[in-house]
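Raw contents of query_27.tsv, TSV, C-alpha atoms:
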```
chain	number	residue	atom	x	y	z
T	1	MET	CA	4.53	9.68	-31.62
T	2	GLY	CA	2.81	9.74	-34.96
T	3	ASN	CA	4.93	6.83	-36.03
T	4	ASN	CA	2.92	4.37	-38.05
T	5	LYS	CA	5.06	1.44	-36.99
T	6	LYS	CA	3.64	1.69	-33.50
T	7	ASN	CA	1.00	-0.93	-33.75
T	8	ASN	CA	0.28	-2.43	-30.37
T	9	VAL	CA	-2.01	-0.19	-28.39
T	10	ILE	CA	-3.48	-0.85	-24.94
T	11	VAL	CA	-6.33	1.29	-23.68
T	12	ILE	CA	-7.30	1.00	-19.99
T	13	GLY	CA	-10.79	2.26	-19.21
T	14	CYS	CA	-13.61	1.89	-21.70
T	15	GLY	CA	-15.50	5.09	-21.05
T	16	ARG	CA	-16.43	7.66	-23.68
T	17	LEU	CA	-12.81	8.68	-24.24
T	18	GLY	CA	-11.29	5.20	-24.13
T	19	SER	CA	-13.92	3.55	-26.32
T	20	THR	CA	-13.78	6.30	-28.93
T	21	ILE	CA	-9.99	6.33	-29.15
T	22	ALA	CA	-9.92	2.54	-29.32
T	23	GLY	CA	-12.51	2.58	-32.11
T	24	ASN	CA	-10.61	5.19	-34.12
T	25	LEU	CA	-7.26	3.44	-33.75
T	26	SER	CA	-8.79	0.09	-34.62
T	27	GLU	CA	-10.06	1.58	-37.87
T	28	LYS	CA	-6.48	2.63	-38.61
T	29	ASN	CA	-5.43	-1.03	-38.43
T	30	LYS	CA	-3.68	-0.90	-35.06
T	31	ASN	CA	-3.72	-3.93	-32.78
T	32	LEU	CA	-6.00	-2.86	-29.96
T	33	MET	CA	-6.59	-4.26	-26.51
T	34	ILE	CA	-9.05	-2.47	-24.26
T	35	VAL	CA	-9.44	-3.22	-20.55
T	36	ASP	CA	-12.30	-2.35	-18.22
T	37	MET	CA	-13.53	-3.56	-14.83
T	38	ASP	CA	-17.04	-3.79	-16.19
T	39	GLN	CA	-17.84	-6.09	-19.10
T	40	SER	CA	-20.88	-4.01	-20.03
T	41	SER	CA	-18.64	-1.00	-20.77
T	42	PHE	CA	-17.52	-2.71	-23.96
T	43	ARG	CA	-20.97	-1.98	-25.44
T	44	LYS	CA	-19.70	1.56	-25.97
T	45	LEU	CA	-17.22	0.31	-28.57
T	46	SER	CA	-18.21	0.96	-32.18
T	47	ALA	CA	-19.47	-1.95	-34.27
T	48	SER	CA	-16.37	-1.73	-36.42
T	49	TYR	CA	-13.99	-2.21	-33.45
T	50	GLY	CA	-11.72	-5.07	-34.42
T	51	GLY	CA	-9.53	-5.32	-31.33
T	52	LEU	CA	-9.63	-7.41	-28.20
T	53	THR	CA	-11.35	-6.73	-24.89
T	54	LYS	CA	-10.39	-7.84	-21.38
T	55	GLU	CA	-12.45	-7.53	-18.25
T	56	GLY	CA	-10.44	-6.84	-15.11
T	57	ASP	CA	-8.48	-4.43	-12.94
T	58	GLY	CA	-6.00	-2.47	-15.04
T	59	THR	CA	-3.84	-1.68	-12.00
T	60	ASP	CA	-3.15	-5.39	-11.42
T	61	ILE	CA	0.22	-6.34	-12.89
T	62	ASP	CA	-0.87	-9.94	-13.36
T	63	LEU	CA	-3.59	-8.71	-15.68
T	64	LEU	CA	-1.22	-6.30	-17.42
T	65	GLU	CA	1.25	-9.11	-18.00
T	66	SER	CA	-1.47	-11.40	-19.30
T	67	ILE	CA	-2.15	-8.87	-22.06
T	68	ASN	CA	1.59	-8.56	-22.84
T	69	ILE	CA	2.07	-5.00	-21.66
T	70	ALA	CA	5.82	-5.28	-22.31
T	71	ASP	CA	5.13	-5.54	-26.05
T	72	ALA	CA	2.86	-2.49	-26.16
T	73	ASP	CA	3.98	0.53	-28.17
T	74	ILE	CA	1.37	2.85	-26.75
T	75	LEU	CA	-0.67	2.71	-23.53
T	76	ILE	CA	-3.55	5.04	-22.84
T	77	ALA	CA	-4.85	5.30	-19.25
T	78	SER	CA	-8.38	6.61	-19.57
T	79	THR	CA	-10.31	5.33	-16.54
T	80	ASP	CA	-12.54	7.85	-14.78
T	81	GLU	CA	-10.19	8.16	-11.79
T	82	ASP	CA	-7.08	10.35	-11.91
T	83	ASP	CA	-5.27	8.33	-9.26
T	84	VAL	CA	-5.85	5.08	-11.10
T	85	ASN	CA	-4.62	6.60	-14.37
T	86	ILE	CA	-1.52	7.88	-12.59
T	87	LEU	CA	-0.79	4.44	-11.12
T	88	ILE	CA	-1.37	2.57	-14.41
T	89	SER	CA	0.66	4.99	-16.50
T	90	GLN	CA	3.59	4.86	-14.08
T	91	ILE	CA	3.54	1.06	-14.01
T	92	ALA	CA	3.52	1.04	-17.82
T	93	LYS	CA	6.30	3.60	-18.19
T	94	VAL	CA	8.62	2.77	-15.30
T	95	ILE	CA	8.18	-0.98	-14.81
T	96	TYR	CA	7.42	-2.13	-18.36
T	97	LYS	CA	9.14	0.66	-20.34
T	98	VAL	CA	6.21	1.20	-22.70
T	99	PRO	CA	7.52	3.85	-25.15
T	100	ASP	CA	4.47	6.09	-25.29
T	101	VAL	CA	2.22	6.40	-22.28
T	102	ILE	CA	-0.68	8.82	-22.17
T	103	ALA	CA	-2.71	9.53	-19.04
T	104	ARG	CA	-5.96	11.41	-18.82
T	105	ILE	CA	-5.80	13.53	-15.65
T	106	TYR	CA	-8.69	15.88	-14.79
T	107	ASP	CA	-7.01	17.55	-11.84
T	108	THR	CA	-4.10	19.43	-13.43
T	109	SER	CA	-2.41	19.91	-10.06
T	110	LYS	CA	-1.78	16.14	-9.91
T	111	ALA	CA	0.14	16.16	-13.18
T	112	ILE	CA	3.32	16.81	-11.17
T	113	THR	CA	3.35	13.11	-10.24
T	114	CYS	CA	3.91	12.12	-13.88
T	115	GLU	CA	6.27	14.84	-15.06
T	116	ASP	CA	9.67	13.26	-14.37
T	117	PHE	CA	8.61	9.93	-15.82
T	118	GLY	CA	8.02	11.25	-19.33
T	119	ILE	CA	4.34	10.37	-19.35
T	120	HIS	CA	2.14	12.45	-21.65
T	121	VAL	CA	-0.68	14.04	-19.69
T	122	ILE	CA	-3.96	15.03	-21.28
T	123	SER	CA	-6.04	17.24	-19.06
T	124	PRO	CA	-9.63	17.84	-20.16
T	125	THR	CA	-9.78	20.78	-17.74
T	126	ALA	CA	-6.74	22.47	-19.24
T	127	LEU	CA	-8.01	21.82	-22.76
T	128	SER	CA	-11.41	23.31	-21.92
T	129	ILE	CA	-9.81	26.39	-20.40
T	130	LYS	CA	-7.72	26.82	-23.50
T	131	ALA	CA	-10.78	26.50	-25.75
T	132	PHE	CA	-12.68	29.03	-23.65
T	133	GLN	CA	-9.85	31.52	-23.73
T	134	LYS	CA	-9.63	31.19	-27.46
T	135	MET	CA	-13.36	31.53	-27.98
T	136	ILE	CA	-13.96	34.43	-25.63
T	137	PHE	CA	-10.76	36.46	-25.74
T	138	ASN	CA	-9.57	35.15	-29.07
T	139	GLU	CA	-6.17	34.50	-27.55
T	140	GLU	CA	-3.93	31.47	-27.33
T	141	VAL	CA	-2.66	30.64	-23.87
T	142	GLU	CA	0.51	28.97	-22.82
T	143	ASP	CA	0.38	25.62	-21.04
G	1	MET	CA	9.17	14.95	14.04
G	2	ASN	CA	6.27	16.42	12.11
G	3	ILE	CA	4.15	13.59	10.80
G	4	LEU	CA	1.14	13.80	8.49
G	5	ILE	CA	-1.30	10.88	8.37
G	6	VAL	CA	-3.66	10.79	5.39
G	7	GLY	CA	-6.81	8.66	5.47
G	8	GLY	CA	-7.63	5.70	7.64
G	9	HIS	CA	-9.97	5.37	10.60
G	10	ALA	CA	-8.91	2.80	13.19
G	11	LYS	CA	-5.37	2.65	11.81
G	12	ALA	CA	-5.03	6.45	11.89
G	13	ASN	CA	-6.44	6.60	15.41
G	14	PHE	CA	-4.11	3.96	16.79
G	15	LEU	CA	-1.07	5.34	14.99
G	16	THR	CA	-1.80	8.90	16.12
G	17	LYS	CA	-2.04	7.76	19.73
G	18	SER	CA	1.24	5.91	19.64
G	19	LEU	CA	3.10	8.64	17.70
G	20	LYS	CA	1.83	11.30	20.13
G	21	GLU	CA	3.04	9.19	23.05
G	22	SER	CA	6.48	9.06	21.45
G	23	GLY	CA	6.48	12.86	21.34
G	24	HIS	CA	5.81	13.44	17.64
G	25	ASN	CA	3.80	16.27	16.18
G	26	VAL	CA	0.87	14.69	14.32
G	27	THR	CA	-1.51	16.20	11.74
G	28	ILE	CA	-4.21	14.22	9.99
G	29	ILE	CA	-6.16	14.59	6.75
G	30	ASN	CA	-9.43	12.74	6.38
G	31	LYS	CA	-12.36	12.75	3.94
G	32	ASP	CA	-14.70	12.05	6.84
G	33	LYS	CA	-15.53	15.40	8.45
G	34	GLU	CA	-16.88	13.95	11.69
G	35	TRP	CA	-13.89	11.68	12.08
G	36	CYS	CA	-11.58	14.66	11.64
G	37	LYS	CA	-13.34	16.46	14.51
G	38	ILE	CA	-13.23	13.39	16.74
G	39	MET	CA	-9.54	12.83	16.07
G	40	ALA	CA	-8.69	16.51	16.58
G	41	HIS	CA	-10.54	16.59	19.91
G	42	SER	CA	-9.44	13.28	21.34
G	43	HIS	CA	-5.75	13.64	20.48
G	44	GLY	CA	-5.39	17.44	20.55
G	45	ILE	CA	-4.04	17.50	17.00
G	46	VAL	CA	-4.77	19.42	13.81
G	47	GLY	CA	-7.36	17.61	11.69
G	48	VAL	CA	-7.77	18.76	8.11
G	49	TYR	CA	-10.94	17.76	6.33
G	50	GLY	CA	-10.51	16.95	2.64
G	51	ASP	CA	-9.19	14.65	-0.05
G	52	GLY	CA	-5.49	14.15	0.69
G	53	THR	CA	-4.69	13.20	-2.89
G	54	LYS	CA	-5.31	16.83	-3.86
G	55	PRO	CA	-2.19	18.98	-3.62
G	56	PHE	CA	-4.05	21.99	-2.18
G	57	VAL	CA	-5.36	19.89	0.71
G	58	LEU	CA	-1.84	18.64	1.47
G	59	LYS	CA	-0.67	22.24	1.35
G	60	ASP	CA	-3.40	23.30	3.82
G	61	ALA	CA	-2.24	20.56	6.18
G	62	GLY	CA	1.25	22.03	6.12
G	63	ALA	CA	2.85	19.31	4.00
G	64	ILE	CA	5.86	21.52	3.37
G	65	GLU	CA	6.75	21.35	7.08
G	66	MET	CA	6.40	17.58	7.30
G	67	ASP	CA	9.25	15.14	7.87
G	68	THR	CA	7.08	12.12	7.20
G	69	VAL	CA	3.83	11.51	5.33
G	70	ILE	CA	1.91	8.29	5.95
G	71	ALA	CA	-0.79	7.31	3.44
G	72	LEU	CA	-3.41	4.95	4.86
G	73	CYS	CA	-6.27	5.25	2.34
G	74	ASN	CA	-8.19	2.20	1.19
G	75	LYS	CA	-7.16	2.63	-2.41
G	76	ASP	CA	-3.60	1.83	-3.38
G	77	SER	CA	-3.69	4.37	-6.21
G	78	ALA	CA	-4.67	7.17	-3.80
G	79	ASN	CA	-1.75	6.29	-1.52
G	80	LEU	CA	0.67	6.44	-4.44
G	81	VAL	CA	-0.55	9.89	-5.47
G	82	ILE	CA	-0.37	11.19	-1.89
G	83	CYS	CA	3.23	10.02	-1.48
G	84	GLU	CA	4.33	11.30	-4.89
G	85	VAL	CA	2.76	14.73	-4.44
G	86	ALA	CA	4.28	14.95	-0.94
G	87	LYS	CA	7.68	14.05	-2.30
G	88	LYS	CA	7.72	15.96	-5.57
G	89	GLN	CA	5.79	19.08	-4.69
G	90	PHE	CA	6.42	19.45	-0.95
G	91	LYS	CA	9.85	17.80	-0.75
G	92	VAL	CA	8.82	15.51	2.09
G	93	LYS	CA	11.79	13.26	2.91
G	94	ASN	CA	10.00	10.20	4.18
G	95	THR	CA	6.91	8.80	2.52
G	96	PHE	CA	5.12	5.73	3.76
G	97	ALA	CA	2.28	3.92	1.98
G	98	VAL	CA	0.02	1.07	2.99
G	99	VAL	CA	-1.16	-1.07	0.08
G	100	ASN	CA	-3.75	-3.79	-0.29
G	101	ASP	CA	-2.16	-5.65	-3.16
G	102	PRO	CA	1.18	-7.11	-1.96
G	103	LYS	CA	2.45	-6.90	-5.55
G	104	ASN	CA	2.34	-3.13	-5.22
G	105	ILE	CA	5.10	-3.14	-2.58
G	106	ARG	CA	7.79	-3.60	-5.21
G	107	ILE	CA	6.11	-1.27	-7.69
G	108	PHE	CA	5.60	1.60	-5.25
G	109	LYS	CA	9.20	1.38	-4.07
G	110	LYS	CA	10.40	1.51	-7.65
G	111	LEU	CA	8.21	4.56	-8.24
G	112	GLY	CA	9.90	6.34	-5.35
G	113	VAL	CA	7.80	5.73	-2.23
G	114	ASP	CA	10.25	5.22	0.65
G	115	LYS	CA	8.46	2.59	2.70
G	116	VAL	CA	5.61	0.37	1.61
G	117	ILE	CA	3.78	-2.22	3.64
G	118	SER	CA	0.88	-4.44	2.70
G	119	SER	CA	-1.72	-4.95	5.38
G	120	THR	CA	-3.01	-7.97	3.47
G	121	GLU	CA	0.39	-9.58	3.57
G	122	ILE	CA	0.94	-8.86	7.25
G	123	LEU	CA	-2.50	-10.19	8.11
G	124	SER	CA	-1.99	-13.39	6.15
G	125	ASP	CA	1.45	-13.82	7.73
G	126	MET	CA	-0.08	-13.46	11.18
G	127	ILE	CA	-2.85	-15.93	10.45
G	128	GLU	CA	-0.30	-18.34	9.07
G	129	PHE	CA	1.86	-17.80	12.15
G	130	GLU	CA	-1.06	-18.50	14.46
G	131	ALA	CA	-2.15	-21.51	12.44
G	132	VAL	CA	1.22	-23.21	12.30
G	133	ILE	CA	2.42	-22.89	15.88
G	134	ASP	CA	2.43	-26.57	16.41
G	135	ASN	CA	4.48	-26.65	19.56
G	136	LEU	CA	2.30	-24.42	21.71
G	137	ILE	CA	0.66	-27.00	23.96
G	138	ASN	CA	-1.17	-24.88	26.51
G	139	TYR	CA	-2.13	-21.27	26.68
G	140	LEU	CA	-3.78	-19.73	29.70
G	141	PRO	CA	-4.38	-15.99	30.05
G	142	MET	CA	-4.75	-14.72	33.61
G	143	GLU	CA	-5.54	-11.45	35.39
G	144	ASN	CA	-7.61	-9.99	32.52
G	145	GLU	CA	-5.11	-11.35	30.04
G	146	LYS	CA	-2.28	-9.34	31.54
G	147	ILE	CA	-0.32	-12.48	32.29
G	148	ILE	CA	-0.01	-15.57	30.13
G	149	LEU	CA	0.89	-19.01	31.33
G	150	SER	CA	1.98	-21.13	28.41
G	151	GLU	CA	3.47	-24.50	27.70
G	152	PHE	CA	5.73	-25.11	24.71
G	153	GLU	CA	7.47	-28.13	23.37
G	154	VAL	CA	11.10	-27.57	22.38
G	155	ASP	CA	11.56	-28.57	18.76
G	156	ALA	CA	14.92	-29.08	17.04
G	157	ARG	CA	14.06	-26.07	14.90
G	158	SER	CA	13.24	-23.79	17.87
G	159	GLN	CA	15.75	-21.05	18.62
G	160	VAL	CA	15.96	-22.20	22.23
G	161	ALA	CA	16.91	-25.81	21.52
G	162	ASP	CA	20.08	-26.88	23.32
G	163	LYS	CA	20.50	-23.49	24.96
G	164	ARG	CA	21.04	-22.73	28.61
G	165	ILE	CA	18.29	-20.64	30.16
G	166	LYS	CA	20.65	-17.77	30.93
G	167	ASP	CA	21.62	-17.64	27.22
G	168	ILE	CA	18.03	-17.34	26.02
G	169	ASP	CA	16.95	-13.84	25.14
G	170	LEU	CA	13.83	-13.86	27.31
G	171	PRO	CA	11.91	-10.60	27.66
G	172	PRO	CA	12.42	-9.03	31.10
G	173	GLU	CA	9.81	-10.05	33.68
G	174	SER	CA	9.30	-13.37	31.89
G	175	LEU	CA	10.10	-16.63	33.55
G	176	ILE	CA	10.76	-20.17	32.49
G	177	ALA	CA	9.24	-21.80	35.54
G	178	TYR	CA	9.49	-25.53	34.89
G	179	ILE	CA	11.05	-27.92	32.45
G	180	ILE	CA	9.38	-31.28	32.01
G	181	ARG	CA	11.69	-33.93	30.60
G	182	GLY	CA	10.03	-37.27	29.98
G	183	ASP	CA	8.11	-38.07	33.12
G	184	GLU	CA	10.48	-36.17	35.29
G	185	MET	CA	9.86	-32.61	36.31
G	186	VAL	CA	12.92	-30.44	36.52
G	187	ILE	CA	12.49	-27.39	38.66
G	188	CYS	CA	14.57	-24.78	37.15
G	189	ALA	CA	15.92	-22.31	39.62
G	190	GLU	CA	19.13	-21.47	37.88
G	191	GLY	CA	20.29	-20.34	34.48
G	192	ASN	CA	22.67	-23.17	33.71
G	193	CYS	CA	19.81	-25.53	33.00
G	194	GLU	CA	19.84	-26.52	29.32
G	195	LEU	CA	16.69	-26.92	27.19
G	196	LYS	CA	16.73	-30.20	25.31
G	197	ILE	CA	14.71	-31.25	22.29
G	198	SER	CA	11.21	-32.48	23.20
G	199	ASP	CA	11.39	-30.89	26.64
G	200	LYS	CA	8.14	-29.28	27.64
G	201	VAL	CA	8.58	-25.84	29.10
G	202	ILE	CA	6.20	-23.85	31.28
G	203	VAL	CA	6.58	-20.11	30.72
G	204	LEU	CA	5.10	-17.18	32.59
G	205	SER	CA	5.07	-13.85	30.83
G	206	ARG	CA	3.29	-10.58	30.41
G	207	SER	CA	0.84	-10.77	27.49
G	208	LYS	CA	2.64	-7.94	25.68
G	209	ASP	CA	5.75	-10.13	25.57
G	210	PHE	CA	3.98	-13.26	24.41
G	211	ALA	CA	4.74	-12.73	20.70
G	212	LYS	CA	8.44	-12.61	21.58
G	213	ILE	CA	8.18	-15.77	23.67
G	214	THR	CA	6.37	-17.49	20.82
G	215	SER	CA	9.09	-16.51	18.39
G	216	LEU	CA	11.70	-18.15	20.63
G	217	PHE	CA	9.94	-21.50	20.56
G	218	PHE	CA	8.30	-21.11	17.17
G	219	TRP	CA	9.12	-23.09	14.09
G	220	ARG	CA	7.36	-23.30	10.75
G	221	LYS	CA	5.96	-26.56	9.48
```

Turn this file's structure into structure tokens for me.
Amino acid sequence: MGNNKKNNVIVIGCGRLGSTIAGNLSEKNKNLMIVDMDQSSFRKLSASYGGLTKEGDGTDIDLLESINIADADILIASTDEDDVNILISQIAKVIYKVPDVIARIYDTSKAITCEDFGIHVISPTALSIKAFQKMIFNEEVED
Amino acid sequence: MNILIVGGHAKANFLTKSLKESGHNVTIINKDKEWCKIMAHSHGIVGVYGDGTKPFVLKDAGAIEMDTVIALCNKDSANLVICEVAKKQFKVKNTFAVVNDPKNIRIFKKLGVDKVISSTEILSDMIEFEAVIDNLINYLPMENEKIILSEFEVDARSQVADKRIKDIDLPPESLIAYIIRGDEMVICAEGNCELKISDKVIVLSRSKDFAKITSLFFWRK
């Protein structure tokens, strides 16, 4: 990652995390597509968001194909359900070979489902624990 | 075999009953606490209350000892997670998921779930099957629907066309009682009688065998 040539980004789930990431990447001139079940979620996007939006179920492969998932360089699964993020990220990585797939998973014990597939897992719980440890004990912890 | 069933109400209940009857050791996990109690009492099984997508709940239910895990939750994504955690963390050999979206059958198999069925697909197949049986002329359930008297027309596409009765794979305790050919009624006492196209056939069977009988005469439009 960190490669500037990776331009096509799909974000599934337009919550606080998804909308903010989509906004930031859009400002960096990436081609963004954000998907959410609920049209009204797109209000969370910043005014400067220059990408596309699509209302629908991000676990449905017909929808994923309609937004050209096979051409995506990065897919971020950021719905509010761990199981849904796991399903979407595995579809993206295993079926459509998206190079970089990132899944937000709250329950760290479920990360095992994504390990062998080479999906990057971001766990807010693990990150919070790390931040606490650092703040209170002034120590870095291993993953 | 040790079998773990995660989620599901009616489906879990029915499946537990039939698996117990076949001598399997069944454990269930359900998010519905009352349902867990009912299932545990009525089937004499272990019922674990909790969210089966969480690895610690699967562990509590003894997932490590399981030969088979069956995921019957309403959400396809939950069933994927259950099967993957069972397989990857608890080394369960056989994982079985029910999905709503038929497109997920192929995807789940590719992701490593051993067996995947779609209830939507099965249901639509059954409705289609019922709707297109064109050659079932009469259908009469008797004795509290234990016995079914039915009349079929033999179509060129039926399995039974041009076959002798003794060569037809009829379920035991079923009987082809009469063959009606044109205006003539052929009483069929022996197995050498051959079924010809557009014969009408009167069949007596147990209701549990009726699906099999139907499949013998059935053809799709």

Between CA of Ser205 in chain G and CA of Ser174 in chain G, what is the distance in Å, rounded to a tenth?
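It comes out at 4.4 Å.
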
Neighbours of chain T in chain G at 12 Å, counting all atoms listed in the file, as a VMD selection string
chain G and resid 51 to 59 75 to 90 100 to 113

Coordinates-based distance that separates CA of Asp199 in chain G from CA of Ser158 in chain G (Å, one decimal):
11.4 Å

Can you tell me which residues surround Thr120 in chain G at a distance of at most 10 Å, considering all atoms listed in the file, apart from same-chain residues fewer than 3 positions away, and format the answer as a PyMOL selection string?
chain G and resi 98-102+117+123-126

Quick one: residues within 8 Å of Glu55 in chain T, all atoms listed in the file counted, chain neighbours fewer than 5 positions away excluded, as an mmCIF file with C-alpha atoms, in the frame of the given file?
```cif
data_model
loop_
_atom_site.group_PDB
_atom_site.id
_atom_site.type_symbol
_atom_site.label_atom_id
_atom_site.label_comp_id
_atom_site.auth_asym_id
_atom_site.auth_seq_id
_atom_site.Cartn_x
_atom_site.Cartn_y
_atom_site.Cartn_z
ATOM 1 C CA VAL T 35 -9.440 -3.220 -20.550
ATOM 2 C CA ASP T 36 -12.300 -2.350 -18.220
ATOM 3 C CA MET T 37 -13.530 -3.560 -14.830
ATOM 4 C CA ASP T 38 -17.040 -3.790 -16.190
ATOM 5 C CA GLN T 39 -17.840 -6.090 -19.100
#
```

Selection: 9 Å around Ile10 in chain T, only C-alpha atoms, excl. self and same-chain fewer than 4 positions, as a PDB file with C-alpha atoms, keeping the file's coordinate frame:
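Below you can see selection.pdb, which holds the result:
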```pdb
ATOM      1  CA  ALA T  22      -9.920   2.540 -29.320  1.00  0.00           C
ATOM      2  CA  ASN T  31      -3.720  -3.930 -32.780  1.00  0.00           C
ATOM      3  CA  LEU T  32      -6.000  -2.860 -29.960  1.00  0.00           C
ATOM      4  CA  MET T  33      -6.590  -4.260 -26.510  1.00  0.00           C
ATOM      5  CA  ILE T  34      -9.050  -2.470 -24.260  1.00  0.00           C
ATOM      6  CA  VAL T  35      -9.440  -3.220 -20.550  1.00  0.00           C
ATOM      7  CA  ILE T  67      -2.150  -8.870 -22.060  1.00  0.00           C
ATOM      8  CA  ILE T  69       2.070  -5.000 -21.660  1.00  0.00           C
ATOM      9  CA  ALA T  72       2.860  -2.490 -26.160  1.00  0.00           C
ATOM     10  CA  ASP T  73       3.980   0.530 -28.170  1.00  0.00           C
ATOM     11  CA  ILE T  74       1.370   2.850 -26.750  1.00  0.00           C
ATOM     12  CA  LEU T  75      -0.670   2.710 -23.530  1.00  0.00           C
ATOM     13  CA  ILE T  76      -3.550   5.040 -22.840  1.00  0.00           C
ATOM     14  CA  ALA T  77      -4.850   5.300 -19.250  1.00  0.00           C
TER      15      ALA T  77
END
```

Work out how far CA of Asn8 in chain T is from CA of Lys30 in chain T, in Å to one decimal.
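According to the coordinates, CA of Lys30 in chain T and CA of Asn8 in chain T are separated by 6.3 Å.
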
Exercise: Glu194 in chain G partners within 9 Å, all atoms listed in the file, chain neighbours under 4 positions left out, as a VMD selection string
chain G and resid 161 to 166

Shell around Asn30 in chain G at 9 Å using only C-alpha atoms, local window under 4 positions removed, as a PyMOL selection string:
chain G and resi 5-9+35-36+47-52
